[in-house]
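Heads up, my_file-v6.cif below (mmCIF, C-alpha atoms):
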```cif
data_my_file
#
loop_
_atom_site.label_atom_id
_atom_site.label_comp_id
_atom_site.auth_asym_id
_atom_site.auth_seq_id
_atom_site.Cartn_x
_atom_site.Cartn_y
_atom_site.Cartn_z
CA MET A 235 87.39 125.90 90.53
CA THR A 236 89.63 123.47 92.42
CA SER A 237 88.29 120.23 93.85
CA ARG A 238 89.10 121.50 97.34
CA VAL A 239 87.00 124.67 96.86
CA LEU A 240 84.16 122.67 95.28
CA SER A 241 84.21 120.23 98.18
CA ALA A 242 84.02 123.10 100.66
CA LEU A 243 81.01 124.59 98.87
CA LEU A 244 79.23 121.25 98.79
CA LEU A 245 80.02 120.82 102.47
CA LEU A 246 78.39 124.16 103.33
CA VAL A 247 75.32 123.38 101.26
CA SER A 248 74.85 119.99 102.89
CA LEU A 249 75.51 121.05 106.49
CA ALA A 250 72.07 122.58 106.95
CA GLY A 251 70.44 119.24 106.15
CA CYS A 252 72.83 117.39 108.44
CA ARG A 253 72.13 119.74 111.39
CA SER A 254 68.39 119.93 110.92
CA LYS A 255 67.79 116.39 112.13
CA SER A 256 67.43 115.83 115.85
CA SER A 257 70.31 114.03 117.55
CA PRO A 258 69.69 110.33 118.24
CA THR A 259 69.93 108.90 121.71
CA PHE A 260 72.72 106.49 122.62
CA GLU A 261 73.40 103.75 125.09
CA PRO A 262 76.92 103.17 126.44
CA LEU A 263 78.96 101.12 123.96
CA LYS A 264 81.26 98.39 125.25
CA LEU A 265 84.29 97.78 123.06
CA ALA A 266 86.22 94.54 122.68
CA ASP A 267 89.22 96.05 124.49
CA GLY A 268 87.10 96.47 127.63
CA ARG A 269 86.51 100.19 127.39
CA VAL A 270 82.96 101.52 127.67
CA LEU A 271 82.08 104.62 125.66
CA SER A 272 79.61 106.75 127.56
CA ALA A 273 76.36 107.94 126.02
CA GLU A 274 77.53 111.53 126.57
CA THR A 275 80.71 110.92 124.55
CA LEU A 276 78.72 109.38 121.71
CA VAL A 277 76.20 112.24 121.66
CA ARG A 278 79.05 114.73 121.44
CA GLY A 279 80.80 112.64 118.79
CA HIS A 280 77.60 112.44 116.73
CA SER A 281 77.28 116.24 116.82
CA VAL A 282 80.87 116.71 115.66
CA TYR A 283 80.46 114.05 112.97
CA ALA A 284 77.24 115.62 111.65
CA TYR A 285 78.92 119.02 111.41
CA TYR A 286 82.28 118.05 109.90
CA CYS A 287 82.08 114.56 108.42
CA ALA A 288 78.59 113.47 107.33
CA SER A 289 78.48 115.56 104.16
CA CYS A 290 81.22 113.40 102.63
CA HIS A 291 81.19 110.18 104.66
CA GLY A 292 77.39 109.97 104.92
CA ALA A 293 75.05 110.10 107.89
CA GLN A 294 75.24 106.29 108.07
CA GLY A 295 79.04 106.26 107.78
CA ASP A 296 78.88 104.44 104.44
CA GLY A 297 80.97 106.90 102.42
CA GLN A 298 77.92 107.96 100.40
CA GLY A 299 77.47 111.53 101.62
CA PRO A 300 76.08 114.12 99.16
CA ALA A 301 79.36 116.07 98.93
CA GLY A 302 81.39 112.88 98.45
CA ARG A 303 79.74 111.65 95.28
CA GLY A 304 82.18 111.61 92.43
CA MET A 305 85.22 112.14 94.67
CA ARG A 306 88.29 110.06 93.89
CA PRO A 307 89.47 108.62 96.14
CA VAL A 308 86.01 108.02 97.54
CA PRO A 309 85.30 108.97 101.18
CA ARG A 310 85.97 106.13 103.61
CA SER A 311 83.11 103.81 104.54
CA PHE A 312 83.37 103.46 108.31
CA ARG A 313 80.91 100.57 108.23
CA GLN A 314 83.71 98.32 106.99
CA GLY A 315 85.93 99.11 109.95
CA LEU A 316 88.77 99.29 107.44
CA PHE A 317 91.34 102.09 107.53
CA LYS A 318 94.35 102.78 105.33
CA PHE A 319 96.59 104.53 107.84
CA GLY A 320 96.06 102.86 111.19
CA GLY A 321 99.53 102.76 112.72
CA VAL A 322 99.14 98.97 113.05
CA SER A 323 99.66 95.92 110.87
CA VAL A 324 97.43 95.73 107.79
CA GLY A 325 94.02 94.21 108.58
CA GLU A 326 93.97 95.26 112.23
CA LEU A 327 91.81 97.98 113.74
CA PRO A 328 93.64 101.32 114.04
CA THR A 329 94.80 103.04 117.18
CA ASP A 330 92.96 106.13 118.40
CA GLU A 331 96.14 108.16 117.93
CA ALA A 332 96.41 107.14 114.27
CA LEU A 333 92.80 108.19 113.63
CA LYS A 334 93.40 111.50 115.39
CA ARG A 335 96.55 112.07 113.33
CA THR A 336 94.52 111.72 110.13
CA LEU A 337 91.86 114.12 111.41
CA ARG A 338 94.40 116.69 112.58
CA ARG A 339 96.45 116.53 109.39
CA GLY A 340 93.98 115.54 106.69
CA LEU A 341 95.15 113.51 103.70
CA HIS A 342 97.47 115.22 101.24
CA GLY A 343 96.16 115.54 97.70
CA THR A 344 92.55 114.71 98.63
CA PRO A 345 89.45 116.67 99.74
CA MET A 346 90.02 115.30 103.28
CA PHE A 347 90.85 118.51 105.13
CA ALA A 348 92.89 118.97 108.27
CA TRP A 349 90.33 119.71 111.00
CA ASP A 350 91.34 122.16 113.72
CA VAL A 351 88.89 121.17 116.45
CA PRO A 352 89.21 121.03 120.25
CA ASP A 353 90.83 117.89 121.64
CA ALA A 354 87.60 116.85 123.39
CA ASP A 355 85.68 117.03 120.10
CA LEU A 356 88.46 115.15 118.32
CA ASP A 357 88.35 112.33 120.85
CA ALA A 358 84.54 112.23 120.82
CA VAL A 359 84.26 111.89 117.05
CA VAL A 360 86.94 109.17 116.99
CA GLN A 361 84.88 107.21 119.53
CA TYR A 362 81.67 107.85 117.58
CA LEU A 363 83.19 106.35 114.44
CA LYS A 364 83.24 103.04 116.30
CA THR A 365 79.44 102.89 116.31
CA PHE A 366 79.38 102.23 112.56
CA SER A 367 81.16 98.86 112.47
CA PRO A 368 80.65 95.79 114.68
CA ARG A 369 84.38 95.09 114.43
CA TRP A 370 85.01 97.44 117.37
CA LYS A 371 82.81 95.29 119.60
CA GLU A 372 84.43 92.07 118.39
CA GLU A 373 88.13 92.88 117.92
CA VAL A 374 90.70 94.86 119.87
CA PRO A 375 92.80 97.44 118.00
CA GLY A 376 96.15 96.30 116.73
CA LYS A 377 99.36 96.84 118.64
CA PRO A 378 100.92 100.19 117.67
CA LEU A 379 103.96 99.76 115.45
CA GLU A 380 106.73 101.59 117.24
CA MET A 381 109.27 103.63 115.31
CA SER A 382 112.81 102.38 115.87
CA PRO A 383 115.74 104.81 116.12
CA ASP A 384 117.07 105.93 112.75
CA PRO A 385 120.28 103.88 112.26
CA TRP A 386 121.50 105.99 109.32
CA ARG A 387 121.99 109.39 110.95
CA GLY A 388 125.14 110.93 109.52
CA ARG A 389 125.30 108.26 106.79
CA GLU A 390 122.60 109.54 104.43
CA ALA A 391 124.38 108.62 101.20
CA GLU A 392 124.89 105.06 102.41
CA ALA A 393 121.23 104.86 103.45
CA ILE A 394 120.04 106.00 100.02
CA GLU A 395 122.20 103.40 98.28
CA ARG A 396 120.92 100.64 100.56
CA GLY A 397 117.37 101.86 99.98
CA ARG A 398 117.85 101.82 96.21
CA VAL A 399 118.62 98.10 96.41
CA ALA A 400 115.82 97.34 98.91
CA TYR A 401 113.35 99.14 96.63
CA HIS A 402 114.28 97.44 93.36
CA VAL A 403 115.26 93.93 94.49
CA SER A 404 113.00 91.28 96.04
CA GLY A 405 114.03 88.81 98.73
CA ALA A 406 117.07 88.55 101.00
CA GLY A 407 115.77 91.31 103.27
CA ASN A 408 114.65 93.56 100.42
CA ALA A 409 111.09 94.72 99.75
CA GLY A 410 111.03 94.76 95.94
CA CYS A 411 108.76 97.83 95.88
CA SER A 412 109.23 98.23 92.12
CA SER A 413 107.15 95.11 91.51
CA CYS A 414 104.07 97.24 92.33
CA HIS A 415 105.34 100.80 92.14
CA VAL A 416 107.42 101.79 89.12
CA ALA A 417 111.19 101.38 88.86
CA TYR A 418 113.49 104.42 88.85
CA LEU A 419 116.61 102.93 87.27
CA PRO A 420 117.36 102.53 83.54
CA ARG A 421 116.85 98.98 82.26
CA ALA A 422 120.53 98.05 82.03
CA GLU A 423 121.30 99.46 85.49
CA LEU A 424 118.23 97.77 86.98
CA ALA A 425 119.19 94.40 85.45
CA ALA A 426 122.77 94.74 86.73
CA LEU A 427 121.54 95.56 90.22
CA MET A 428 119.23 92.54 90.23
CA LYS A 429 122.01 90.25 89.04
CA LYS A 430 124.40 91.56 91.69
CA ALA A 431 121.82 90.98 94.43
CA THR A 432 120.42 87.64 93.26
CA GLY A 433 123.06 86.17 90.94
CA ARG A 434 120.48 85.78 88.17
CA ASP A 435 120.38 87.38 84.72
CA VAL A 436 117.22 89.40 84.05
CA ASP A 437 116.07 90.45 80.57
CA LEU A 438 114.04 93.66 80.81
CA SER A 439 114.03 94.43 77.09
CA LYS A 440 110.44 93.24 76.61
CA VAL A 441 108.85 94.43 79.85
CA ASP A 442 107.77 97.86 81.05
CA PRO A 443 109.04 98.48 84.59
CA TYR A 444 107.95 102.13 84.42
CA THR A 445 104.16 101.74 84.34
CA ALA A 446 102.25 100.69 87.47
CA GLN A 447 99.35 98.29 87.13
CA VAL A 448 95.92 98.87 88.64
CA ARG A 449 95.24 96.68 91.67
CA GLU A 450 92.18 95.68 93.62
CA SER A 451 91.36 97.07 97.07
CA ASP A 452 88.81 96.27 99.76
CA HIS A 453 87.47 99.81 100.01
CA ALA A 454 83.86 100.39 99.00
CA VAL A 455 82.87 102.67 96.12
CA GLU A 456 79.19 101.69 96.14
CA VAL A 457 77.14 100.02 98.88
CA ASP A 458 73.73 98.37 99.17
CA ALA A 459 70.88 99.36 101.47
CA ASN A 460 72.66 97.63 104.37
CA GLY A 461 75.90 99.49 103.76
CA GLU A 462 77.65 96.41 102.36
CA PRO A 463 80.06 97.00 99.44
CA THR A 464 78.71 96.21 95.98
CA ARG A 465 81.72 97.65 94.18
CA THR A 466 85.22 98.24 95.48
CA GLN A 467 87.82 100.77 94.49
CA LYS A 468 90.69 99.96 92.17
CA VAL A 469 93.98 101.56 93.19
CA LEU A 470 97.09 102.54 91.30
CA PRO A 471 100.34 102.39 93.30
CA PRO A 472 101.65 105.96 93.27
CA ASP A 473 104.53 107.13 91.12
CA PHE A 474 106.57 109.12 93.63
CA LEU A 475 107.78 111.54 90.95
CA PHE A 476 104.30 112.72 90.00
CA GLN A 477 101.62 111.75 92.53
CA PRO A 478 101.19 113.13 96.07
CA LEU A 479 101.38 110.69 98.96
CA ARG A 480 98.43 110.89 101.35
CA THR A 481 100.39 111.07 104.60
CA ILE A 482 103.47 112.90 103.28
CA TRP A 483 103.73 116.67 102.78
CA PRO A 484 106.28 118.90 101.04
CA VAL A 485 109.12 120.03 103.28
CA GLY A 486 108.58 123.58 104.51
CA GLU A 487 104.83 123.39 105.06
CA THR A 488 103.34 123.79 108.53
CA ILE A 489 101.81 120.54 109.78
CA GLU A 490 100.12 120.35 113.18
CA GLY A 491 101.49 123.79 114.00
CA ALA A 492 105.16 122.93 113.37
CA PRO A 493 107.48 123.21 110.34
CA TYR A 494 107.55 120.05 108.26
CA THR A 495 111.24 119.19 108.16
CA PRO A 496 113.12 116.55 106.14
CA GLU A 497 113.38 114.52 109.34
CA ARG A 498 109.61 114.61 109.94
CA GLN A 499 109.02 113.68 106.30
CA ARG A 500 111.34 110.65 106.64
CA GLU A 501 109.59 109.58 109.82
CA ASP A 502 106.22 109.70 108.05
CA LEU A 503 107.65 107.66 105.17
CA TYR A 504 108.93 105.13 107.69
CA ARG A 505 105.46 104.92 109.28
CA VAL A 506 103.61 104.15 106.06
CA ILE A 507 106.26 101.71 104.77
CA ALA A 508 106.42 99.90 108.10
CA ALA A 509 102.65 99.62 108.62
CA GLY A 510 101.51 99.28 105.01
CA VAL A 511 98.19 100.58 103.71
CA GLY A 512 95.08 98.85 105.05
CA GLY A 513 92.69 97.41 102.48
CA ALA A 514 95.10 98.04 99.61
CA ALA A 515 97.92 96.03 98.03
CA MET A 516 100.58 97.60 100.29
CA PRO A 517 101.59 95.03 102.94
CA THR A 518 103.09 95.56 106.39
CA TRP A 519 106.87 95.55 106.08
CA LYS A 520 107.82 95.93 109.73
CA GLY A 521 109.10 92.57 110.87
CA ALA A 522 109.31 91.31 107.28
CA ILE A 523 112.59 93.05 106.44
CA PRO A 524 115.38 94.40 108.70
CA GLU A 525 114.81 97.75 110.41
CA GLU A 526 117.83 99.27 108.72
CA ASN A 527 116.26 98.45 105.35
CA LEU A 528 112.94 100.02 106.39
CA TRP A 529 114.75 103.23 107.23
CA ALA A 530 116.87 102.98 104.07
CA LEU A 531 113.67 102.77 102.01
CA ALA A 532 112.42 105.94 103.70
CA TYR A 533 115.65 107.71 102.73
CA TYR A 534 115.52 106.47 99.14
CA VAL A 535 111.83 107.21 98.55
CA GLN A 536 112.40 110.67 99.99
CA THR A 537 114.88 111.41 97.18
CA LEU A 538 112.03 110.72 94.73
CA VAL A 539 109.33 112.58 96.66
CA VAL A 540 111.34 115.82 96.68
CA LEU A 541 111.49 115.69 92.86
CA ARG A 542 107.70 115.49 92.44
CA ASP A 543 106.37 117.64 89.60
CA THR A 544 109.77 119.16 88.79
CA ASP A 545 111.52 119.43 85.43
CA GLU A 546 114.10 117.00 86.80
CA ALA A 547 111.35 114.41 87.37
CA ALA A 548 110.11 114.77 83.78
CA VAL A 549 113.67 114.39 82.44
CA LEU A 550 114.23 111.27 84.56
CA ARG A 551 110.98 109.71 83.37
CA ALA A 552 111.90 110.32 79.74
CA ARG A 553 115.35 108.82 80.26
CA LEU A 554 113.88 105.73 81.94
CA ARG A 555 111.30 105.11 79.23
CA GLY A 556 113.92 105.47 76.52
CA SER A 557 116.42 103.16 78.23
CA THR A 558 117.61 99.87 76.72
CA MET A 559 119.51 96.81 77.93
CA ASN A 560 122.72 98.08 76.32
#
```
For this file, produce the structure as structure tokens.
Amino acid sequence: MTSRVLSALLLLVSLAGCRSKSSPTFEPLKLADGRVLSAETLVRGHSVYAYYCASCHGAQGDGQGPAGRGMRPVPRSFRQGLFKFGGVSVGELPTDEALKRTLRRGLHGTPMFAWDVPDADLDAVVQYLKTFSPRWKEEVPGKPLEMSPDPWRGREAEAIERGRVAYHVSGAGNAGCSSCHVAYLPRAELAALMKKATGRDVDLSKVDPYTAQVRESDHAVEVDANGEPTRTQKVLPPDFLFQPLRTIWPVGETIEGAPYTPERQREDLYRVIAAGVGGAAMPTWKGAIPEENLWALAYYVQTLVVLRDTDEAAVLRARLRGSTMN
């Protein structure tokens, strides 16, 4: 039985308990950005949340719902006011549109389904989520990170080559992604690329650039009676050849009612690279490196994503691990 089917069964079992409790009453909620959420909106949002979300995310929004126990990654604790894919700089509160995008699409490779619900219910539950954390009453959401025009149209090969450098080299407008994620060049080629970009010799004979290291995150795995984290989740930066990316889907699938094209996939890669991943080790890169390098990274990472779980990916991994400095 797949994890997705098991999650669905647990959801059905737990829904009766979630619906059996009477709905609480609400007062209008004033947010830090000046908006006031009406009691009617919050009542509707609570109803939607109880039906679709509480079984995994918990009635108290602490990520401790009965169907979510044992899930990895763990369901989000909304009490932290911390979101991975917010469409804003890391650490800022997300935009409503970013939250709705996650609800409409789900998260690839996780039990977080895509929910096909009416727009009014979608908006209501997004507003209801704001009742769980005081951050919404104290801080305004971050400024949406706008997507710049793709400067590499018609020059894809050039973009991929630029992205290869931006991924593997740190500094001088490059991101150095391989310092957290794994490298995808043989040792000798990687060392030569680093020397060309930085002018320094690098000896990779005694290091392993092909194994990612576990990193800390701010996301709760366990919470106390007040919903405060007592243990946080450790995260492993994904290997693009073998692990699904949460906001990226295979080309050819239908996402939000439209074919998922290579262009849409690149745009989603740009979004997550530009904004970073909230609460994890992935920083915001927009503004830190040139826009053309952000887009070049999207092109380069896309060449890896399309190889995921293929024989070609396995051959490449074996070649990388067997590489030397000669």
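The protein and nucleic acid residues lying at most 12 Å from Met381 in chain A are Gly321, Val322, Arg500, Glu501, Asp502, Leu503, Tyr504, Arg505, Val506, Ile507, Ala508, Ala509, Lys520, Gly521, Glu525, Glu526, Leu528 and Trp529 of chain A, with only C-alpha atoms considered and sequence neighbours fewer than 6 positions away removed.
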| message | Could you list, as a list in words, every residue within 6 Å of range 361-371 of chain A, counting all atoms listed in the file and ignoring same-chain residues fewer than 3 positions away? | response | Leu265, Ala266, Leu276, Gly279, Phe312, Arg313, Gly315 and Ala358 of chain A
Expected file: the selected residues, C-alpha atoms, as a PDB file, in the coordinates of the input:
```
ATOM      1  CA  LEU A 265      84.290  97.780 123.060  1.00  0.00           C
ATOM      2  CA  ALA A 266      86.220  94.540 122.680  1.00  0.00           C
ATOM      3  CA  LEU A 276      78.720 109.380 121.710  1.00  0.00           C
ATOM      4  CA  GLY A 279      80.800 112.640 118.790  1.00  0.00           C
ATOM      5  CA  PHE A 312      83.370 103.460 108.310  1.00  0.00           C
ATOM      6  CA  ARG A 313      80.910 100.570 108.230  1.00  0.00           C
ATOM      7  CA  GLY A 315      85.930  99.110 109.950  1.00  0.00           C
ATOM      8  CA  ALA A 358      84.540 112.230 120.820  1.00  0.00           C
TER       9      ALA A 358
END
```
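Nearest residue to Trp349 in chain A among A:Trp483, A:Trp386, A:Tyr286, A:Tyr401 is A:Tyr286, counting all atoms listed in the file.
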When you look at Glu326 in chain A with a cut-off of 10 Å (counting all atoms listed in the file), what residues show up, excluding the ones that are within fewer than 6 positions of it in the same chain? I need them as an mmCIF file with C-alpha atoms, in the frame of the given file.
```cif
data_model
loop_
_atom_site.group_PDB
_atom_site.id
_atom_site.type_symbol
_atom_site.label_atom_id
_atom_site.label_comp_id
_atom_site.auth_asym_id
_atom_site.auth_seq_id
_atom_site.Cartn_x
_atom_site.Cartn_y
_atom_site.Cartn_z
ATOM 1 C CA GLY A 315 85.930 99.110 109.950
ATOM 2 C CA LEU A 316 88.770 99.290 107.440
ATOM 3 C CA PHE A 317 91.340 102.090 107.530
ATOM 4 C CA GLY A 320 96.060 102.860 111.190
ATOM 5 C CA ARG A 369 84.380 95.090 114.430
ATOM 6 C CA GLU A 373 88.130 92.880 117.920
ATOM 7 C CA VAL A 374 90.700 94.860 119.870
ATOM 8 C CA PRO A 375 92.800 97.440 118.000
ATOM 9 C CA GLY A 376 96.150 96.300 116.730
ATOM 10 C CA LYS A 377 99.360 96.840 118.640
ATOM 11 C CA GLY A 512 95.080 98.850 105.050
#
```
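Reported to one decimal place, the separation of CA of Arg449 in chain A from CA of Asp473 in chain A is 14.0 Å.
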| task | Check what the PyMOL selection byres ((chain A and resi 437) around 10) selects in the file above and give those residues as a list in words. | result | Arg421, Ala422, Leu424, Ala425, Arg434, Asp435, Val436, Leu438, Ser439, Lys440, Val441 and Met559 of chain A
| Can you list what the PyMOL selection byres ((chain A and resi 292) around 12) grabs from this structure, as a ChimeraX atom specification? | /A:245,248-249,251-252,283-291,293-303,308-313,363,366,457,461
| field | For range 392-395 of chain A: contacts at 9 Å, all atoms listed in the file, fewer than 3 positions along chain excluded, given as a PyMOL selection string | value | chain A and resi 385-387+389+398-400+526-527+529-537
| field | Residues in the PyMOL selection byres ((chain A and resi 442) around 12), expressed as a ChimeraX atom specification | value | /A:412-421,437-441,443-447,554-558
| query | Which polymer residues have any atom within 10 Å of an atom of Pro463 in chain A, counting all atoms listed in the file, with same-chain residues fewer than 3 positions away left out, as number ranges by chain? | reply | A: 296, 311, 313-314, 452-460, 466-467
| Between A:Asn560, A:Phe474, A:Gly513, A:Gly343, which is the closest to Ala548 in chain A once you count only C-alpha atoms? | A:Phe474
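The space between CA of Ile523 in chain A and CA of Lys334 in chain A spans 28.1 Å.
Relative to CA of Leu327 in chain A, CA of Val270 in chain A is found at 16.9 Å.
Of the listed residues (A:Ala514, A:Ala426, A:Cys411, A:Leu538), A:Ala514 comes nearest to Lys468 in chain A; the distances count all atoms listed in the file.
Of the residues listed (A:Glu372, A:Glu546, A:Asp330, A:Glu261), A:Asp330 shows the shortest atom-to-atom separation from Val360 in chain A; distances use only C-alpha atoms.
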Draw an axis-aligned box over all listed atoms of range 457-464 of chain A, pad each side with 8 Å, and write its centre and edge lengths in Å, one decimal, as AutoDock Vina command-line options.
```
--center_x 75.5 --center_y 98.1 --center_z 100.2 --size_x 25.2 --size_y 19.8 --size_z 24.4
```
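Between Gly410 in chain A and the residues A:Ala332, A:Leu475, A:Ala391, A:Ala522, the shortest atom-to-atom distance, using all atoms listed in the file, involves A:Ala522.
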